[in-house]
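Undergrad: Dropping in input-v6.pdb, which is PDB, N, CA and C atoms:
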```pdb
ATOM      1  N   MET A1076       0.782 -16.506 -13.257  1.00  0.00           N
ATOM      2  CA  MET A1076      -0.224 -16.494 -12.210  1.00  0.00           C
ATOM      3  C   MET A1076       0.295 -15.782 -10.969  1.00  0.00           C
ATOM      4  N   GLY A1077       1.582 -15.825 -10.705  1.00  0.00           N
ATOM      5  CA  GLY A1077       2.151 -15.209  -9.519  1.00  0.00           C
ATOM      6  C   GLY A1077       1.999 -13.702  -9.510  1.00  0.00           C
ATOM      7  N   LYS A1078       2.078 -13.086 -10.686  1.00  0.00           N
ATOM      8  CA  LYS A1078       1.960 -11.630 -10.750  1.00  0.00           C
ATOM      9  C   LYS A1078       0.547 -11.183 -10.412  1.00  0.00           C
ATOM     10  N   GLY A1079      -0.435 -11.937 -10.845  1.00  0.00           N
ATOM     11  CA  GLY A1079      -1.819 -11.589 -10.550  1.00  0.00           C
ATOM     12  C   GLY A1079      -2.135 -11.681  -9.074  1.00  0.00           C
ATOM     13  N   ILE A1080      -1.555 -12.664  -8.419  1.00  0.00           N
ATOM     14  CA  ILE A1080      -1.788 -12.831  -6.985  1.00  0.00           C
ATOM     15  C   ILE A1080      -1.183 -11.672  -6.209  1.00  0.00           C
ATOM     16  N   VAL A1081      -0.044 -11.183  -6.667  1.00  0.00           N
ATOM     17  CA  VAL A1081       0.586 -10.041  -5.995  1.00  0.00           C
ATOM     18  C   VAL A1081      -0.335  -8.830  -6.056  1.00  0.00           C
ATOM     19  N   PHE A1082      -0.912  -8.574  -7.219  1.00  0.00           N
ATOM     20  CA  PHE A1082      -1.775  -7.406  -7.342  1.00  0.00           C
ATOM     21  C   PHE A1082      -3.116  -7.595  -6.647  1.00  0.00           C
ATOM     22  N   ALA A1083      -3.601  -8.820  -6.563  1.00  0.00           N
ATOM     23  CA  ALA A1083      -4.821  -9.076  -5.794  1.00  0.00           C
ATOM     24  C   ALA A1083      -4.550  -8.854  -4.308  1.00  0.00           C
ATOM     25  N   GLY A1084      -3.355  -9.211  -3.868  1.00  0.00           N
ATOM     26  CA  GLY A1084      -2.996  -8.999  -2.470  1.00  0.00           C
ATOM     27  C   GLY A1084      -2.862  -7.537  -2.104  1.00  0.00           C
ATOM     28  N   LEU A1085      -2.611  -6.686  -3.081  1.00  0.00           N
ATOM     29  CA  LEU A1085      -2.490  -5.253  -2.798  1.00  0.00           C
ATOM     30  C   LEU A1085      -3.791  -4.672  -2.253  1.00  0.00           C
ATOM     31  N   ALA A1086      -4.922  -5.182  -2.699  1.00  0.00           N
ATOM     32  CA  ALA A1086      -6.203  -4.683  -2.192  1.00  0.00           C
ATOM     33  C   ALA A1086      -6.346  -4.990  -0.703  1.00  0.00           C
ATOM     34  N   PHE A1087      -6.008  -6.223  -0.321  1.00  0.00           N
ATOM     35  CA  PHE A1087      -6.079  -6.588   1.100  1.00  0.00           C
ATOM     36  C   PHE A1087      -5.054  -5.794   1.916  1.00  0.00           C
ATOM     37  N   GLU A1088      -3.909  -5.561   1.327  1.00  0.00           N
ATOM     38  CA  GLU A1088      -2.875  -4.769   1.985  1.00  0.00           C
ATOM     39  C   GLU A1088      -3.366  -3.349   2.241  1.00  0.00           C
ATOM     40  N   LEU A1089      -4.036  -2.768   1.270  1.00  0.00           N
ATOM     41  CA  LEU A1089      -4.554  -1.406   1.422  1.00  0.00           C
ATOM     42  C   LEU A1089      -5.594  -1.334   2.533  1.00  0.00           C
ATOM     43  N   VAL A1090      -6.503  -2.288   2.571  1.00  0.00           N
ATOM     44  CA  VAL A1090      -7.535  -2.303   3.613  1.00  0.00           C
ATOM     45  C   VAL A1090      -6.897  -2.461   4.987  1.00  0.00           C
ATOM     46  N   ALA A1091      -5.927  -3.364   5.085  1.00  0.00           N
ATOM     47  CA  ALA A1091      -5.267  -3.586   6.377  1.00  0.00           C
ATOM     48  C   ALA A1091      -4.499  -2.342   6.826  1.00  0.00           C
ATOM     49  N   LEU A1092      -3.840  -1.662   5.892  1.00  0.00           N
ATOM     50  CA  LEU A1092      -3.108  -0.446   6.253  1.00  0.00           C
ATOM     51  C   LEU A1092      -4.048   0.653   6.730  1.00  0.00           C
ATOM     52  N   CYS A1093      -5.161   0.827   6.049  1.00  0.00           N
ATOM     53  CA  CYS A1093      -6.125   1.855   6.470  1.00  0.00           C
ATOM     54  C   CYS A1093      -6.692   1.541   7.850  1.00  0.00           C
ATOM     55  N   PHE A1094      -7.072   0.298   8.054  1.00  0.00           N
ATOM     56  CA  PHE A1094      -7.632  -0.094   9.348  1.00  0.00           C
ATOM     57  C   PHE A1094      -6.582   0.026  10.452  1.00  0.00           C
ATOM     58  N   GLY A1095      -5.375  -0.472  10.190  1.00  0.00           N
ATOM     59  CA  GLY A1095      -4.308  -0.387  11.187  1.00  0.00           C
ATOM     60  C   GLY A1095      -3.924   1.052  11.490  1.00  0.00           C
ATOM     61  N   GLY A1096      -3.870   1.891  10.453  1.00  0.00           N
ATOM     62  CA  GLY A1096      -3.563   3.302  10.662  1.00  0.00           C
ATOM     63  C   GLY A1096      -4.617   4.000  11.493  1.00  0.00           C
ATOM     64  N   TYR A1097      -5.869   3.615  11.266  1.00  0.00           N
ATOM     65  CA  TYR A1097      -6.964   4.193  12.047  1.00  0.00           C
ATOM     66  C   TYR A1097      -6.852   3.789  13.519  1.00  0.00           C
ATOM     67  N   ILE A1098      -6.517   2.523  13.767  1.00  0.00           N
ATOM     68  CA  ILE A1098      -6.384   2.039  15.145  1.00  0.00           C
ATOM     69  C   ILE A1098      -5.199   2.714  15.841  1.00  0.00           C
ATOM     70  N   VAL A1099      -4.037   2.725  15.176  1.00  0.00           N
ATOM     71  CA  VAL A1099      -2.848   3.361  15.769  1.00  0.00           C
ATOM     72  C   VAL A1099      -3.092   4.854  15.964  1.00  0.00           C
ATOM     73  N   GLY A1100      -3.712   5.490  14.968  1.00  0.00           N
ATOM     74  CA  GLY A1100      -4.029   6.914  15.094  1.00  0.00           C
ATOM     75  C   GLY A1100      -4.992   7.193  16.232  1.00  0.00           C
ATOM     76  N   GLY A1101      -5.912   6.272  16.468  1.00  0.00           N
ATOM     77  CA  GLY A1101      -6.833   6.425  17.603  1.00  0.00           C
ATOM     78  C   GLY A1101      -6.096   6.397  18.928  1.00  0.00           C
ATOM     79  N   TYR A1102      -5.102   5.524  19.030  1.00  0.00           N
ATOM     80  CA  TYR A1102      -4.282   5.494  20.247  1.00  0.00           C
ATOM     81  C   TYR A1102      -3.486   6.793  20.394  1.00  0.00           C
ATOM     82  N   LEU A1103      -2.958   7.299  19.293  1.00  0.00           N
ATOM     83  CA  LEU A1103      -2.240   8.577  19.359  1.00  0.00           C
ATOM     84  C   LEU A1103      -3.172   9.716  19.764  1.00  0.00           C
ATOM     85  N   ASP A1104      -4.383   9.704  19.232  1.00  0.00           N
ATOM     86  CA  ASP A1104      -5.366  10.729  19.598  1.00  0.00           C
ATOM     87  C   ASP A1104      -5.669  10.685  21.091  1.00  0.00           C
ATOM     88  N   ALA A1105      -5.856   9.479  21.613  1.00  0.00           N
ATOM     89  CA  ALA A1105      -6.172   9.349  23.044  1.00  0.00           C
ATOM     90  C   ALA A1105      -4.982   9.748  23.907  1.00  0.00           C
ATOM     91  N   TYR A1106      -3.786   9.391  23.499  1.00  0.00           N
ATOM     92  CA  TYR A1106      -2.592   9.670  24.299  1.00  0.00           C
ATOM     93  C   TYR A1106      -2.283  11.169  24.341  1.00  0.00           C
ATOM     94  N   PHE A1107      -2.362  11.831  23.179  1.00  0.00           N
ATOM     95  CA  PHE A1107      -2.009  13.243  23.105  1.00  0.00           C
ATOM     96  C   PHE A1107      -3.206  14.175  23.252  1.00  0.00           C
ATOM     97  N   GLY A1108      -4.408  13.623  23.341  1.00  0.00           N
ATOM     98  CA  GLY A1108      -5.600  14.445  23.513  1.00  0.00           C
ATOM     99  C   GLY A1108      -6.032  15.162  22.242  1.00  0.00           C
ATOM    100  N   TRP A1109      -5.687  14.605  21.100  1.00  0.00           N
ATOM    101  CA  TRP A1109      -6.094  15.204  19.825  1.00  0.00           C
ATOM    102  C   TRP A1109      -7.532  14.822  19.525  1.00  0.00           C
ATOM    103  N   ARG A1110      -8.095  15.473  18.522  1.00  0.00           N
ATOM    104  CA  ARG A1110      -9.490  15.216  18.156  1.00  0.00           C
ATOM    105  C   ARG A1110      -9.594  14.585  16.771  1.00  0.00           C
ATOM    106  N   GLY A1111      -8.779  13.593  16.482  1.00  0.00           N
ATOM    107  CA  GLY A1111      -8.847  12.895  15.216  1.00  0.00           C
ATOM    108  C   GLY A1111      -7.688  13.159  14.282  1.00  0.00           C
ATOM    109  N   GLU A1112      -6.824  14.089  14.653  1.00  0.00           N
ATOM    110  CA  GLU A1112      -5.699  14.401  13.773  1.00  0.00           C
ATOM    111  C   GLU A1112      -4.731  13.229  13.661  1.00  0.00           C
ATOM    112  N   GLY A1113      -4.520  12.514  14.747  1.00  0.00           N
ATOM    113  CA  GLY A1113      -3.597  11.387  14.734  1.00  0.00           C
ATOM    114  C   GLY A1113      -4.044  10.307  13.767  1.00  0.00           C
ATOM    115  N   ALA A1114      -5.326   9.964  13.798  1.00  0.00           N
ATOM    116  CA  ALA A1114      -5.855   8.941  12.894  1.00  0.00           C
ATOM    117  C   ALA A1114      -5.786   9.418  11.454  1.00  0.00           C
ATOM    118  N   THR A1115      -6.123  10.662  11.222  1.00  0.00           N
ATOM    119  CA  THR A1115      -6.119  11.194   9.859  1.00  0.00           C
ATOM    120  C   THR A1115      -4.718  11.192   9.279  1.00  0.00           C
ATOM    121  N   TYR A1116      -3.767  11.726  10.018  1.00  0.00           N
ATOM    122  CA  TYR A1116      -2.402  11.818   9.505  1.00  0.00           C
ATOM    123  C   TYR A1116      -1.741  10.447   9.393  1.00  0.00           C
ATOM    124  N   THR A1117      -2.043   9.557  10.320  1.00  0.00           N
ATOM    125  CA  THR A1117      -1.473   8.213  10.242  1.00  0.00           C
ATOM    126  C   THR A1117      -1.960   7.492   8.990  1.00  0.00           C
ATOM    127  N   VAL A1118      -3.252   7.568   8.714  1.00  0.00           N
ATOM    128  CA  VAL A1118      -3.798   6.916   7.520  1.00  0.00           C
ATOM    129  C   VAL A1118      -3.232   7.569   6.261  1.00  0.00           C
ATOM    130  N   LEU A1119      -3.115   8.883   6.235  1.00  0.00           N
ATOM    131  CA  LEU A1119      -2.560   9.552   5.056  1.00  0.00           C
ATOM    132  C   LEU A1119      -1.105   9.163   4.802  1.00  0.00           C
ATOM    133  N   ILE A1120      -0.307   9.097   5.861  1.00  0.00           N
ATOM    134  CA  ILE A1120       1.091   8.704   5.708  1.00  0.00           C
ATOM    135  C   ILE A1120       1.194   7.275   5.197  1.00  0.00           C
ATOM    136  N   LEU A1121       0.365   6.385   5.727  1.00  0.00           N
ATOM    137  CA  LEU A1121       0.384   4.997   5.264  1.00  0.00           C
ATOM    138  C   LEU A1121      -0.092   4.880   3.823  1.00  0.00           C
ATOM    139  N   LEU A1122      -1.076   5.687   3.424  1.00  0.00           N
ATOM    140  CA  LEU A1122      -1.543   5.659   2.031  1.00  0.00           C
ATOM    141  C   LEU A1122      -0.452   6.142   1.071  1.00  0.00           C
ATOM    142  N   ILE A1123       0.272   7.156   1.471  1.00  0.00           N
ATOM    143  CA  ILE A1123       1.374   7.646   0.628  1.00  0.00           C
ATOM    144  C   ILE A1123       2.440   6.560   0.501  1.00  0.00           C
ATOM    145  N   GLY A1124       2.779   5.917   1.599  1.00  0.00           N
ATOM    146  CA  GLY A1124       3.749   4.828   1.558  1.00  0.00           C
ATOM    147  C   GLY A1124       3.267   3.669   0.698  1.00  0.00           C
ATOM    148  N   TRP A1125       1.977   3.332   0.785  1.00  0.00           N
ATOM    149  CA  TRP A1125       1.418   2.256  -0.042  1.00  0.00           C
ATOM    150  C   TRP A1125       1.476   2.629  -1.516  1.00  0.00           C
ATOM    151  N   PHE A1126       1.198   3.867  -1.829  1.00  0.00           N
ATOM    152  CA  PHE A1126       1.232   4.311  -3.219  1.00  0.00           C
ATOM    153  C   PHE A1126       2.651   4.235  -3.782  1.00  0.00           C
ATOM    154  N   VAL A1127       3.640   4.615  -2.992  1.00  0.00           N
ATOM    155  CA  VAL A1127       5.039   4.493  -3.422  1.00  0.00           C
ATOM    156  C   VAL A1127       5.384   3.020  -3.640  1.00  0.00           C
ATOM    157  N   HIS A1128       4.938   2.158  -2.748  1.00  0.00           N
ATOM    158  CA  HIS A1128       5.150   0.720  -2.886  1.00  0.00           C
ATOM    159  C   HIS A1128       4.510   0.197  -4.176  1.00  0.00           C
ATOM    160  N   LEU A1129       3.320   0.674  -4.501  1.00  0.00           N
ATOM    161  CA  LEU A1129       2.639   0.283  -5.729  1.00  0.00           C
ATOM    162  C   LEU A1129       3.441   0.698  -6.964  1.00  0.00           C
ATOM    163  N   ILE A1130       3.972   1.903  -6.951  1.00  0.00           N
ATOM    164  CA  ILE A1130       4.772   2.381  -8.089  1.00  0.00           C
ATOM    165  C   ILE A1130       6.023   1.536  -8.257  1.00  0.00           C
ATOM    166  N   VAL A1131       6.679   1.183  -7.146  1.00  0.00           N
ATOM    167  CA  VAL A1131       7.872   0.344  -7.214  1.00  0.00           C
ATOM    168  C   VAL A1131       7.524  -1.026  -7.805  1.00  0.00           C
ATOM    169  N   LEU A1132       6.414  -1.619  -7.371  1.00  0.00           N
ATOM    170  CA  LEU A1132       6.008  -2.913  -7.917  1.00  0.00           C
ATOM    171  C   LEU A1132       5.688  -2.828  -9.402  1.00  0.00           C
ATOM    172  N   LEU A1133       4.990  -1.784  -9.794  1.00  0.00           N
ATOM    173  CA  LEU A1133       4.647  -1.631 -11.208  1.00  0.00           C
ATOM    174  C   LEU A1133       5.894  -1.473 -12.064  1.00  0.00           C
ATOM    175  N   ARG A1134       6.852  -0.717 -11.593  1.00  0.00           N
ATOM    176  CA  ARG A1134       8.101  -0.561 -12.345  1.00  0.00           C
ATOM    177  C   ARG A1134       8.856  -1.883 -12.441  1.00  0.00           C
ATOM    178  N   ARG A1135       8.877  -2.642 -11.350  1.00  0.00           N
ATOM    179  CA  ARG A1135       9.565  -3.931 -11.355  1.00  0.00           C
ATOM    180  C   ARG A1135       8.907  -4.897 -12.344  1.00  0.00           C
ATOM    181  N   PHE A1136       7.578  -4.957 -12.346  1.00  0.00           N
ATOM    182  CA  PHE A1136       6.884  -5.847 -13.270  1.00  0.00           C
ATOM    183  C   PHE A1136       7.038  -5.377 -14.710  1.00  0.00           C
ATOM    184  N   GLN A1137       7.074  -4.078 -14.924  1.00  0.00           N
ATOM    185  CA  GLN A1137       7.287  -3.566 -16.277  1.00  0.00           C
ATOM    186  C   GLN A1137       8.679  -3.950 -16.768  1.00  0.00           C
ATOM    187  N   LYS A1138       9.676  -3.852 -15.892  1.00  0.00           N
ATOM    188  CA  LYS A1138      11.037  -4.238 -16.262  1.00  0.00           C
ATOM    189  C   LYS A1138      11.101  -5.728 -16.566  1.00  0.00           C
ATOM    190  N   ASP A1139      10.422  -6.539 -15.757  1.00  0.00           N
ATOM    191  CA  ASP A1139      10.399  -7.981 -16.002  1.00  0.00           C
ATOM    192  C   ASP A1139       9.742  -8.310 -17.331  1.00  0.00           C
ATOM    193  N   MET A1140       8.674  -7.594 -17.659  1.00  0.00           N
ATOM    194  CA  MET A1140       7.989  -7.836 -18.927  1.00  0.00           C
ATOM    195  C   MET A1140       8.852  -7.399 -20.105  1.00  0.00           C
ATOM    196  N   ASP A1141       9.607  -6.332 -19.943  1.00  0.00           N
ATOM    197  CA  ASP A1141      10.499  -5.873 -21.018  1.00  0.00           C
ATOM    198  C   ASP A1141      11.655  -6.837 -21.242  1.00  0.00           C
ATOM    199  N   ASP A1142      12.092  -7.523 -20.169  1.00  0.00           N
ATOM    200  CA  ASP A1142      13.224  -8.443 -20.262  1.00  0.00           C
ATOM    201  C   ASP A1142      12.828  -9.798 -20.836  1.00  0.00           C
ATOM    202  N   GLU A1143      11.540 -10.150 -20.813  1.00  0.00           N
ATOM    203  CA  GLU A1143      11.108 -11.445 -21.335  1.00  0.00           C
ATOM    204  C   GLU A1143      11.212 -11.454 -22.849  1.00  0.00           C
ATOM    205  N   PRO A1144      11.671 -12.569 -23.391  1.00  0.00           N
ATOM    206  CA  PRO A1144      11.732 -12.665 -24.865  1.00  0.00           C
ATOM    207  C   PRO A1144      10.330 -12.773 -25.452  1.00  0.00           C
ATOM    208  N   ASP A1145      10.175 -12.251 -26.656  1.00  0.00           N
ATOM    209  CA  ASP A1145       8.892 -12.329 -27.335  1.00  0.00           C
ATOM    210  C   ASP A1145       8.632 -13.771 -27.778  1.00  0.00           C
ATOM    211  N   PRO A1146       7.413 -14.267 -27.551  1.00  0.00           N
ATOM    212  CA  PRO A1146       7.113 -15.630 -27.986  1.00  0.00           C
ATOM    213  C   PRO A1146       7.019 -15.693 -29.517  1.00  0.00           C
ATOM    214  N   LYS A1147       7.477 -16.799 -30.066  1.00  0.00           N
ATOM    215  CA  LYS A1147       7.422 -17.000 -31.518  1.00  0.00           C
ATOM    216  C   LYS A1147       5.992 -17.355 -31.927  1.00  0.00           C
ATOM    217  N   PRO A1148       5.489 -16.747 -32.991  1.00  0.00           N
ATOM    218  CA  PRO A1148       4.116 -17.081 -33.421  1.00  0.00           C
ATOM    219  C   PRO A1148       4.015 -18.424 -34.082  1.00  0.00           C
TER     220      PRO A1148
END
```
Turn this file's structure into structure tokens for me.
TA:
Amino acid sequence: MGKGIVFAGLAFELVALCFGGYIVGGYLDAYFGWRGEGATYTVLILLIGWFVHLIVLLRRFQKDMDDEPDPKP
């Protein structure tokens, strides 16, 4: 059950990262006088980081599943 909760939490994590990146990018846009580039690049950088995090989690869970002994029928 713990593995499922981790992956369900990834959806909320993604939404929070996009929203937070948009807010931080908006502050960067206002500070530097940009016209939306700060928000766009901030969200893109956070999405790339989230995707790398997802790959790391998937590899870890795959390794854990490979290490578990097969149940006897």
Undergrad: Could you state which residues are captured by the PyMOL selection byres ((chain A and resi 1117) around 8) in this file, as an mmCIF file with N, CA and C atoms, in the coordinates of the input?
TA:
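Below is the file that was written, part_4.cif:
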```cif
data_model
loop_
_atom_site.group_PDB
_atom_site.id
_atom_site.type_symbol
_atom_site.label_atom_id
_atom_site.label_comp_id
_atom_site.auth_asym_id
_atom_site.auth_seq_id
_atom_site.Cartn_x
_atom_site.Cartn_y
_atom_site.Cartn_z
ATOM 1 N N LEU A 1092 -3.840 -1.662 5.892
ATOM 2 C CA LEU A 1092 -3.108 -0.446 6.253
ATOM 3 C C LEU A 1092 -4.048 0.653 6.730
ATOM 4 N N CYS A 1093 -5.161 0.827 6.049
ATOM 5 C CA CYS A 1093 -6.125 1.855 6.470
ATOM 6 C C CYS A 1093 -6.692 1.541 7.850
ATOM 7 N N GLY A 1095 -5.375 -0.472 10.190
ATOM 8 C CA GLY A 1095 -4.308 -0.387 11.187
ATOM 9 C C GLY A 1095 -3.924 1.052 11.490
ATOM 10 N N GLY A 1096 -3.870 1.891 10.453
ATOM 11 C CA GLY A 1096 -3.563 3.302 10.662
ATOM 12 C C GLY A 1096 -4.617 4.000 11.493
ATOM 13 N N TYR A 1097 -5.869 3.615 11.266
ATOM 14 C CA TYR A 1097 -6.964 4.193 12.047
ATOM 15 C C TYR A 1097 -6.852 3.789 13.519
ATOM 16 N N VAL A 1099 -4.037 2.725 15.176
ATOM 17 C CA VAL A 1099 -2.848 3.361 15.769
ATOM 18 C C VAL A 1099 -3.092 4.854 15.964
ATOM 19 N N GLY A 1100 -3.712 5.490 14.968
ATOM 20 C CA GLY A 1100 -4.029 6.914 15.094
ATOM 21 C C GLY A 1100 -4.992 7.193 16.232
ATOM 22 N N GLY A 1101 -5.912 6.272 16.468
ATOM 23 C CA GLY A 1101 -6.833 6.425 17.603
ATOM 24 C C GLY A 1101 -6.096 6.397 18.928
ATOM 25 N N GLY A 1111 -8.779 13.593 16.482
ATOM 26 C CA GLY A 1111 -8.847 12.895 15.216
ATOM 27 C C GLY A 1111 -7.688 13.159 14.282
ATOM 28 N N GLU A 1112 -6.824 14.089 14.653
ATOM 29 C CA GLU A 1112 -5.699 14.401 13.773
ATOM 30 C C GLU A 1112 -4.731 13.229 13.661
ATOM 31 N N GLY A 1113 -4.520 12.514 14.747
ATOM 32 C CA GLY A 1113 -3.597 11.387 14.734
ATOM 33 C C GLY A 1113 -4.044 10.307 13.767
ATOM 34 N N ALA A 1114 -5.326 9.964 13.798
ATOM 35 C CA ALA A 1114 -5.855 8.941 12.894
ATOM 36 C C ALA A 1114 -5.786 9.418 11.454
ATOM 37 N N THR A 1115 -6.123 10.662 11.222
ATOM 38 C CA THR A 1115 -6.119 11.194 9.859
ATOM 39 C C THR A 1115 -4.718 11.192 9.279
ATOM 40 N N TYR A 1116 -3.767 11.726 10.018
ATOM 41 C CA TYR A 1116 -2.402 11.818 9.505
ATOM 42 C C TYR A 1116 -1.741 10.447 9.393
ATOM 43 N N VAL A 1118 -3.252 7.568 8.714
ATOM 44 C CA VAL A 1118 -3.798 6.916 7.520
ATOM 45 C C VAL A 1118 -3.232 7.569 6.261
ATOM 46 N N LEU A 1119 -3.115 8.883 6.235
ATOM 47 C CA LEU A 1119 -2.560 9.552 5.056
ATOM 48 C C LEU A 1119 -1.105 9.163 4.802
ATOM 49 N N ILE A 1120 -0.307 9.097 5.861
ATOM 50 C CA ILE A 1120 1.091 8.704 5.708
ATOM 51 C C ILE A 1120 1.194 7.275 5.197
ATOM 52 N N LEU A 1121 0.365 6.385 5.727
ATOM 53 C CA LEU A 1121 0.384 4.997 5.264
ATOM 54 C C LEU A 1121 -0.092 4.880 3.823
ATOM 55 N N LEU A 1122 -1.076 5.687 3.424
ATOM 56 C CA LEU A 1122 -1.543 5.659 2.031
ATOM 57 C C LEU A 1122 -0.452 6.142 1.071
ATOM 58 N N ILE A 1123 0.272 7.156 1.471
ATOM 59 C CA ILE A 1123 1.374 7.646 0.628
ATOM 60 C C ILE A 1123 2.440 6.560 0.501
#
```
Undergrad: How far is it from atom CA of Tyr1102 of chain A to atom CA of Val1090 of chain A, in Å with one decimal?
TA: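 Result for atom CA of Tyr1102 of chain A versus atom CA of Val1090 of chain A: 18.7 Å, one decimal.
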Undergrad: As an MDAnalysis selection string, which residues of chain A does DSSP assign to helix (DSSP H, G or I)?
TA: chainID A and resid 1077:1107 1112:1142
Undergrad: Would you mind listing what lies within 12 Å of Leu1133 of chain A as a list in words, with only C-alpha atoms counted and same-chain residues fewer than 4 positions away left out?
TA: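 Selected residues are Lys1078, Gly1079, Val1081, Phe1082, Leu1085, Phe1126, Val1127, His1128, Leu1129, Gln1137, Lys1138, Asp1139 and Met1140 of chain A.
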Undergrad: How would the residues just picked look written out with N, CA and C atoms as an mmCIF file, keeping the file's coordinate frame?
TA:
```
data_model
loop_
_atom_site.group_PDB
_atom_site.id
_atom_site.type_symbol
_atom_site.label_atom_id
_atom_site.label_comp_id
_atom_site.auth_asym_id
_atom_site.auth_seq_id
_atom_site.Cartn_x
_atom_site.Cartn_y
_atom_site.Cartn_z
ATOM 1 N N LYS A 1078 2.078 -13.086 -10.686
ATOM 2 C CA LYS A 1078 1.960 -11.630 -10.750
ATOM 3 C C LYS A 1078 0.547 -11.183 -10.412
ATOM 4 N N GLY A 1079 -0.435 -11.937 -10.845
ATOM 5 C CA GLY A 1079 -1.819 -11.589 -10.550
ATOM 6 C C GLY A 1079 -2.135 -11.681 -9.074
ATOM 7 N N VAL A 1081 -0.044 -11.183 -6.667
ATOM 8 C CA VAL A 1081 0.586 -10.041 -5.995
ATOM 9 C C VAL A 1081 -0.335 -8.830 -6.056
ATOM 10 N N PHE A 1082 -0.912 -8.574 -7.219
ATOM 11 C CA PHE A 1082 -1.775 -7.406 -7.342
ATOM 12 C C PHE A 1082 -3.116 -7.595 -6.647
ATOM 13 N N LEU A 1085 -2.611 -6.686 -3.081
ATOM 14 C CA LEU A 1085 -2.490 -5.253 -2.798
ATOM 15 C C LEU A 1085 -3.791 -4.672 -2.253
ATOM 16 N N PHE A 1126 1.198 3.867 -1.829
ATOM 17 C CA PHE A 1126 1.232 4.311 -3.219
ATOM 18 C C PHE A 1126 2.651 4.235 -3.782
ATOM 19 N N VAL A 1127 3.640 4.615 -2.992
ATOM 20 C CA VAL A 1127 5.039 4.493 -3.422
ATOM 21 C C VAL A 1127 5.384 3.020 -3.640
ATOM 22 N N HIS A 1128 4.938 2.158 -2.748
ATOM 23 C CA HIS A 1128 5.150 0.720 -2.886
ATOM 24 C C HIS A 1128 4.510 0.197 -4.176
ATOM 25 N N LEU A 1129 3.320 0.674 -4.501
ATOM 26 C CA LEU A 1129 2.639 0.283 -5.729
ATOM 27 C C LEU A 1129 3.441 0.698 -6.964
ATOM 28 N N GLN A 1137 7.074 -4.078 -14.924
ATOM 29 C CA GLN A 1137 7.287 -3.566 -16.277
ATOM 30 C C GLN A 1137 8.679 -3.950 -16.768
ATOM 31 N N LYS A 1138 9.676 -3.852 -15.892
ATOM 32 C CA LYS A 1138 11.037 -4.238 -16.262
ATOM 33 C C LYS A 1138 11.101 -5.728 -16.566
ATOM 34 N N ASP A 1139 10.422 -6.539 -15.757
ATOM 35 C CA ASP A 1139 10.399 -7.981 -16.002
ATOM 36 C C ASP A 1139 9.742 -8.310 -17.331
ATOM 37 N N MET A 1140 8.674 -7.594 -17.659
ATOM 38 C CA MET A 1140 7.989 -7.836 -18.927
ATOM 39 C C MET A 1140 8.852 -7.399 -20.105
#
```
Undergrad: For a test of reading the model, state the distance in Å between atom C of Asp1104 of chain A and atom C of Ala1091 of chain A, rounded to one decimal.
TA: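 Between atom C of Asp1104 of chain A and atom C of Ala1091 of chain A the gap works out to 19.4 Å.
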Undergrad: How many Å lie between atom CA of Ala1086 of chain A and atom CA of Phe1136 of chain A, rounded to one decimal?
TA: 17.2 Å
Undergrad: Ranking A:Arg1110, A:Phe1087, A:Glu1143, A:Leu1103 by minimum distance to Trp1125 of chain A and counting only C-alpha atoms, which one comes first?
TA: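 Smallest separation from Trp1125 of chain A among the options: A:Phe1087.
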Undergrad: Need the axis-aligned box for segment 1126-1131 of chain A with 3 Å each side, so what are the centre and edges in Å to one decimal, as lines of an AutoDock Vina configuration file?
TA:
```
center_x = 4.5
center_y = 1.8
center_z = -5.0
size_x = 12.7
size_y = 11.6
size_z = 12.4
```
